[in-house]
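Visitor: My structure is below; once you've seen it, I'll send some questions.
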Amino acid sequence: MPAAKKLTSQLAVLTIGLGLVGSLWLFGAAPSPVEAVPHTISLPHPYDPDWPDIYMMLAKKCVGCHRPGTERTDLTTYEAIVEGKIGDDRMVVPGRPEDSALFLYVEWDEHAAVGSGVPRTPEMPPDKLDWLSPGQQETIKRWIANGALEYRLPDHCDITPLTELEFPSAKQCQACHPNQYDEWSRSMHAYAQHSPAFEAFNLTLMERTSGTQGTFCTRCHTPIGTALGENGNRRNIHRSRISMEGITCVACHRRSTKHYKSSGRVPVEPGKLQDVCMYGPFDNGVGGPGIGSHNSAELPYIKTSQFCGECHDVVNPQGIRLEEAFSEWQNSPAAKEGITCQMCHMGPVQGLPFQECDRPLGRAAIVPGVPEEKIPLRHLTNHTFAGPDYSLLPDTEFPEKLDWMYEKDYTDWNALSRYEQETLTELRKKNRYSLRIADEKRLELLSNAADIYVTSPQTARSGQTVNVDVTVQSKLSGHSFPTGFTAERQAWISTIVRDSQGHTIFASGDLDKNGDLRDEHSYAVLANEVQRDRYLLNFQNKFIALTSEGTERSVILSVNRHLMPINILRPADGISESFGRPPIFRIAKGSLAPLSKQSQSYPVHLPAAAGTYHVEVRLNFRHLPPTLMDHIGAPHLKHQLQVVVLKEWCGTIEVAP
């Protein structure tokens, strides 16, 4: 126990005790004997529901330093916690939190009164942002008071229940892998289940398929949540913390076997951090009891594109290829040259291939208490995994969130204490910095996707019709542009011609009042409020459904609502995989194939007035269209949709009378 805290606590107890004895003496009563708090969980098979919270709390905040093989008290297992000591003080004294060093080290209250025995700052954890919230302190106190129990299975039961405790959090990995954690925490892998657009999309499809979709979407967005039995209908607010980590560290590094299949449902080995091996790309892994860390081993499969393809190729039970990034790669020039997904998406520059020998050297781990020279130098990968998506959440929710924010309405600034205001401000600065880096990496990736080439006349006569010719050249050798969930990705050319007063005389690729392109998905076009864009060059793929009349129609969601009055997702009754689609539903490919090009000619009829006319050509990208947000019941997110200009060309046409 900290000496200062012990002295303060003893003085406070002595003062209170003397006062109580004096009061009892004045009233002629003798002090009653003090009894320990009784166990609320009966033997011989005790289980304390507070234990999982205690374990995960310590795992995330303490075991980076307090692990076996070090000078610090081991806090990695239940046995180590209840039997551990700090000096002469026991870590846990069942029934007596006031005598337990574990509780006394983390207890604090910034409003504590003088002489109360409660310090205004805790001894541990050292990081101010990790200090335990009032609710967490109360949980530890209650757990110790109730006997500091774990759980004990009946003798005839030899199956340990699979719980959240069996999957280490990324926060545990952060202690030794801070760089990898920082990169991952702002990635779309970490954001996968957090995304409000994904949650709304998934729940919409669950409703449209009468629930038969199950975990088809969530199995990739939260593999650990799926392993724990969380169904596809569960809202994020009710999911476990580890589930909300999305594609967390163990989703990739607890894989010991090859899995040659698509659409997710990957096998993640359960077990506490020290109990199960972690798999990575290195053949001379460092770890184990010698340095007080987990064992590590090489898994060559983790460096293959097939490893990524397990979630980045998605085929639904009817045989519709919803995503085919891996399939596109298999047939690409990059595959023929031996360029894998990891070379472009885990290198120092997002979107450009880097061989392993060209990556920066560094140490893959920084283990507290272990000399640096014991950790070998590696050619490091980048875990940002930049893609077309970005966070639509407030900067108080992602990449990180503080524990006390789960217990209090942090939006009411005036109701927050000084500590809460300071840590909330610090968190927002930290999150904004991370999000800025994520944006830079996303734009870096998109800027390496394609180029545009424009041919436009420099002079013309009034009243003449001239052609502005635009060619888009893909720079991607590994997959199409765009790829992924391409029916919702928009990459298009906007060509605008204006006169000297700024009036538009020709426009293609412009947006309607809802922010949508003027195509068959535009409300304004369907209502005949604006004309359909005849010359639109859009590389977006489209879902095509067969209607009950035998015609085809482009739809926004990947559910056929035109054929069956009650839409149930069923396996195809034909060999749809041979064709890549069932006969009633398909994807019309509009994306640009690897290293290919496509051109469009825009006929511009010049008015009778002479002068200088300005031509503006842009290659734009948007990760989701506004009309999708309307269809999934999330129109409040439309204002956050960004149109990214990947390439731009500007010129003039001098028009003579």
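Chain labels run A, B, ... following the order of the structure tokens; each chain numbers its residues from 1, and ligands are numbered from 1 in the order shown.
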With a distance cut-off of 7 Å and only C-alpha atoms, select the neighbouring residues of Cys311 (chain A), excluding the residue or stretch itself and same-chain residues fewer than 2 positions from it, and output the selection as a ChimeraX atom specification.
Guide: /A:220,262-264,308-309,313-314
Visitor: Residues of region 419-480 of chain A that have any atom at most 9 Å from an atom of region 619-627 of chain A: could you tabulate them with the shortest-distance atom pair and the distance in Å to one decimal, using only C-alpha atoms, ordered by chain and increasing number, as CSV?
Guide:
```
residue,atom,partner,partner_atom,distance
A:Leu446,CA,A:Phe621,CA,8.4
A:Ala450,CA,A:Leu619,CA,8.6
A:Asp451,CA,A:Leu619,CA,8.1
A:Ile452,CA,A:Leu619,CA,7.2
A:Val472,CA,A:Leu619,CA,8.2
```
Visitor: Might you pull out every residue within 6 Å of region 173-180 of chain A, with only C-alpha atoms counted and same-chain residues fewer than 5 positions away left off, and present them as a VMD selection string?
Guide: chain A and resid 64 365 to 367 383
Visitor: Using 7 Å as the limit and counting only C-alpha atoms, can you tabulate each residue of region 364-455 of chain A that touches region 344-355 of chain A, with its shortest atom-to-atom distance in Å and the two atoms involved, as a Markdown table?
Guide:
```
| residue | atom | partner | partner_atom | distance |
| --- | --- | --- | --- | --- |
| A:Thr381 | CA | A:Met346 | CA | 5.3 |
| A:Asn382 | CA | A:Met346 | CA | 4.6 |
| A:His383 | CA | A:Met346 | CA | 6.0 |
| A:Phe385 | CA | A:His345 | CA | 5.5 |
| A:Ala386 | CA | A:Gln350 | CA | 6.6 |
| A:Lys441 | CA | A:Gln350 | CA | 6.4 |
| A:Glu444 | CA | A:Gln350 | CA | 6.1 |
| A:Leu445 | CA | A:Gly351 | CA | 4.7 |
| A:Asn448 | CA | A:Gly351 | CA | 5.9 |
```
Visitor: Looking at only C-alpha atoms, which of A:Lys374, A:Arg461, A:Arg432, A:His259 is the one that sits closest to Gln306 (chain A)?
Guide: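 Closest residue, counting only C-alpha atoms: A:His259.
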Visitor: Taking 4 positions as the minimum chain separation for residues in the same chain, which residues sit within 7 Å of Ile493 (chain A) when counting only C-alpha atoms? Answer as a count of residues only.
Guide: 7
Visitor: Report as a list in words: the residues of region 431-506 of chain A with a DSSP assignment of helix (DSSP H, G or I), based on the backbone of this structure.
Guide: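 Helix (DSSP H, G or I) members of region 431-506 of chain A, listed: Asn431, Arg432, Tyr433, Ser434, Leu435, Arg436, Ile437, Ala438, Asp439, Glu440, Lys441, Arg442, Leu443, Glu444, Leu445, Leu446 and Ser447 of chain A.
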Visitor: Output the selection as a tab-separated table (two decimals), in the first residue's frame - N, CA, C and O atoms for each residue.
Guide:
```
chain	number	residue	atom	x	y	z
A	431	ASN	N	-8.13	12.49	-30.52
A	431	ASN	CA	-8.94	11.90	-31.58
A	431	ASN	C	-8.88	12.72	-32.86
A	431	ASN	O	-8.83	12.15	-33.96
A	432	ARG	N	-8.89	14.03	-32.75
A	432	ARG	CA	-8.81	14.86	-33.95
A	432	ARG	C	-7.48	14.67	-34.66
A	432	ARG	O	-7.42	14.66	-35.89
A	433	TYR	N	-6.43	14.53	-33.90
A	433	TYR	CA	-5.12	14.28	-34.50
A	433	TYR	C	-5.12	12.96	-35.26
A	433	TYR	O	-4.64	12.87	-36.40
A	434	SER	N	-5.68	11.91	-34.63
A	434	SER	CA	-5.74	10.60	-35.28
A	434	SER	C	-6.60	10.64	-36.53
A	434	SER	O	-6.25	10.07	-37.57
A	435	LEU	N	-7.74	11.33	-36.46
A	435	LEU	CA	-8.64	11.40	-37.60
A	435	LEU	C	-8.02	12.20	-38.75
A	435	LEU	O	-8.27	11.90	-39.92
A	436	ARG	N	-7.21	13.19	-38.41
A	436	ARG	CA	-6.53	13.96	-39.46
A	436	ARG	C	-5.53	13.07	-40.21
A	436	ARG	O	-5.44	13.12	-41.44
A	437	ILE	N	-4.80	12.24	-39.46
A	437	ILE	CA	-3.87	11.31	-40.11
A	437	ILE	C	-4.64	10.31	-40.97
A	437	ILE	O	-4.23	10.00	-42.10
A	438	ALA	N	-5.77	9.80	-40.45
A	438	ALA	CA	-6.58	8.86	-41.22
A	438	ALA	C	-7.07	9.49	-42.51
A	438	ALA	O	-7.08	8.85	-43.57
A	439	ASP	N	-7.47	10.77	-42.46
A	439	ASP	CA	-7.91	11.47	-43.67
A	439	ASP	C	-6.78	11.61	-44.67
A	439	ASP	O	-6.97	11.44	-45.89
A	440	GLU	N	-5.60	11.94	-44.16
A	440	GLU	CA	-4.45	12.09	-45.06
A	440	GLU	C	-4.13	10.77	-45.76
A	440	GLU	O	-3.82	10.74	-46.96
A	441	LYS	N	-4.20	9.67	-45.02
A	441	LYS	CA	-3.92	8.36	-45.61
A	441	LYS	C	-5.01	7.97	-46.61
A	441	LYS	O	-4.73	7.35	-47.65
A	442	ARG	N	-6.25	8.31	-46.32
A	442	ARG	CA	-7.34	8.01	-47.25
A	442	ARG	C	-7.16	8.78	-48.56
A	442	ARG	O	-7.29	8.22	-49.65
A	443	LEU	N	-6.84	10.07	-48.46
A	443	LEU	CA	-6.62	10.87	-49.66
A	443	LEU	C	-5.38	10.41	-50.41
A	443	LEU	O	-5.33	10.46	-51.64
A	444	GLU	N	-4.39	9.94	-49.66
A	444	GLU	CA	-3.18	9.39	-50.29
A	444	GLU	C	-3.54	8.16	-51.13
A	444	GLU	O	-3.07	8.01	-52.27
A	445	LEU	N	-4.38	7.31	-50.58
A	445	LEU	CA	-4.80	6.11	-51.30
A	445	LEU	C	-5.61	6.48	-52.55
A	445	LEU	O	-5.35	5.98	-53.65
A	446	LEU	N	-6.59	7.37	-52.39
A	446	LEU	CA	-7.46	7.73	-53.51
A	446	LEU	C	-6.70	8.45	-54.61
A	446	LEU	O	-7.00	8.28	-55.80
A	447	SER	N	-5.71	9.26	-54.24
A	447	SER	CA	-4.96	10.01	-55.25
A	447	SER	C	-4.12	9.10	-56.13
A	447	SER	O	-3.71	9.49	-57.23
```
Visitor: For region 420-423 of chain A, find every residue with an atom within 8 Å (counting only C-alpha atoms), except residues of its own chain fewer than 5 positions away, and show them as a list in words.
Guide: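 Those residues are Lys128, Leu129 and Trp413 of chain A.
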Visitor: For each of A:Asp519, A:Glu199, A:Asp403, A:Glu207, take the minimum atom-to-atom distance to Arg234 (chain A), counting only C-alpha atoms, then give the residue where this is smallest.
Guide: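 Looking only at the distances to Arg234 (chain A), the closest residue turns out to be A:Glu199.
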Visitor: Can you pull out the residues contacting Ile302 (chain A)? Cut-off 10 Å, using only C-alpha atoms, and skip same-chain residues under 4 positions away; I want them as a compact mmCIF listing (two decimals) with N, CA, C and O atoms, in the first residue's frame.
Guide:
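Written output follows (selection13.txt):
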```
# COMPACT_ATOMS: atom_id res chain seq x y z
N CYS A 252 -7.13 -11.25 -36.57
CA CYS A 252 -6.14 -11.65 -37.58
C CYS A 252 -5.00 -12.47 -36.97
O CYS A 252 -4.49 -13.39 -37.62
N HIS A 253 -4.60 -12.15 -35.76
CA HIS A 253 -3.39 -12.75 -35.18
C HIS A 253 -3.67 -13.94 -34.27
O HIS A 253 -2.75 -14.47 -33.66
N ARG A 255 -5.16 -16.62 -35.68
CA ARG A 255 -5.54 -17.53 -36.76
C ARG A 255 -4.38 -18.46 -37.01
O ARG A 255 -3.31 -18.04 -37.42
N SER A 256 -4.57 -19.75 -36.79
CA SER A 256 -3.47 -20.70 -36.93
C SER A 256 -3.58 -21.56 -38.18
O SER A 256 -2.68 -22.34 -38.47
N THR A 257 -4.71 -21.43 -38.91
CA THR A 257 -4.92 -22.30 -40.06
C THR A 257 -5.35 -21.49 -41.27
O THR A 257 -5.81 -20.36 -41.16
N LYS A 258 -5.20 -22.09 -42.45
CA LYS A 258 -5.72 -21.51 -43.68
C LYS A 258 -7.23 -21.78 -43.72
O LYS A 258 -7.72 -22.74 -43.16
N TYR A 279 -0.06 -15.26 -33.93
CA TYR A 279 0.55 -15.60 -35.20
C TYR A 279 0.78 -14.34 -36.03
O TYR A 279 -0.07 -13.45 -36.09
N GLY A 280 1.97 -14.28 -36.66
CA GLY A 280 2.32 -13.13 -37.46
C GLY A 280 3.20 -13.51 -38.63
O GLY A 280 3.33 -14.70 -38.98
N PRO A 281 3.83 -12.52 -39.27
CA PRO A 281 4.59 -12.80 -40.49
C PRO A 281 6.04 -13.23 -40.27
O PRO A 281 6.72 -13.58 -41.23
N GLU A 298 5.17 -18.00 -36.63
CA GLU A 298 4.96 -17.53 -37.99
C GLU A 298 3.73 -18.21 -38.60
O GLU A 298 3.48 -19.39 -38.39
N GLN A 306 -5.17 -14.17 -50.15
CA GLN A 306 -6.30 -15.01 -49.76
C GLN A 306 -6.73 -14.72 -48.33
O GLN A 306 -7.93 -14.77 -48.01
N PHE A 307 -5.77 -14.39 -47.47
CA PHE A 307 -6.08 -14.06 -46.08
C PHE A 307 -7.05 -12.88 -46.03
O PHE A 307 -8.02 -12.87 -45.26
N CYS A 308 -6.80 -11.86 -46.86
CA CYS A 308 -7.68 -10.69 -46.91
C CYS A 308 -8.98 -11.03 -47.62
O CYS A 308 -10.05 -10.50 -47.28
N GLN A 342 -1.33 -6.81 -49.11
CA GLN A 342 -0.57 -6.20 -48.03
C GLN A 342 0.51 -5.26 -48.55
O GLN A 342 0.90 -4.31 -47.86
```
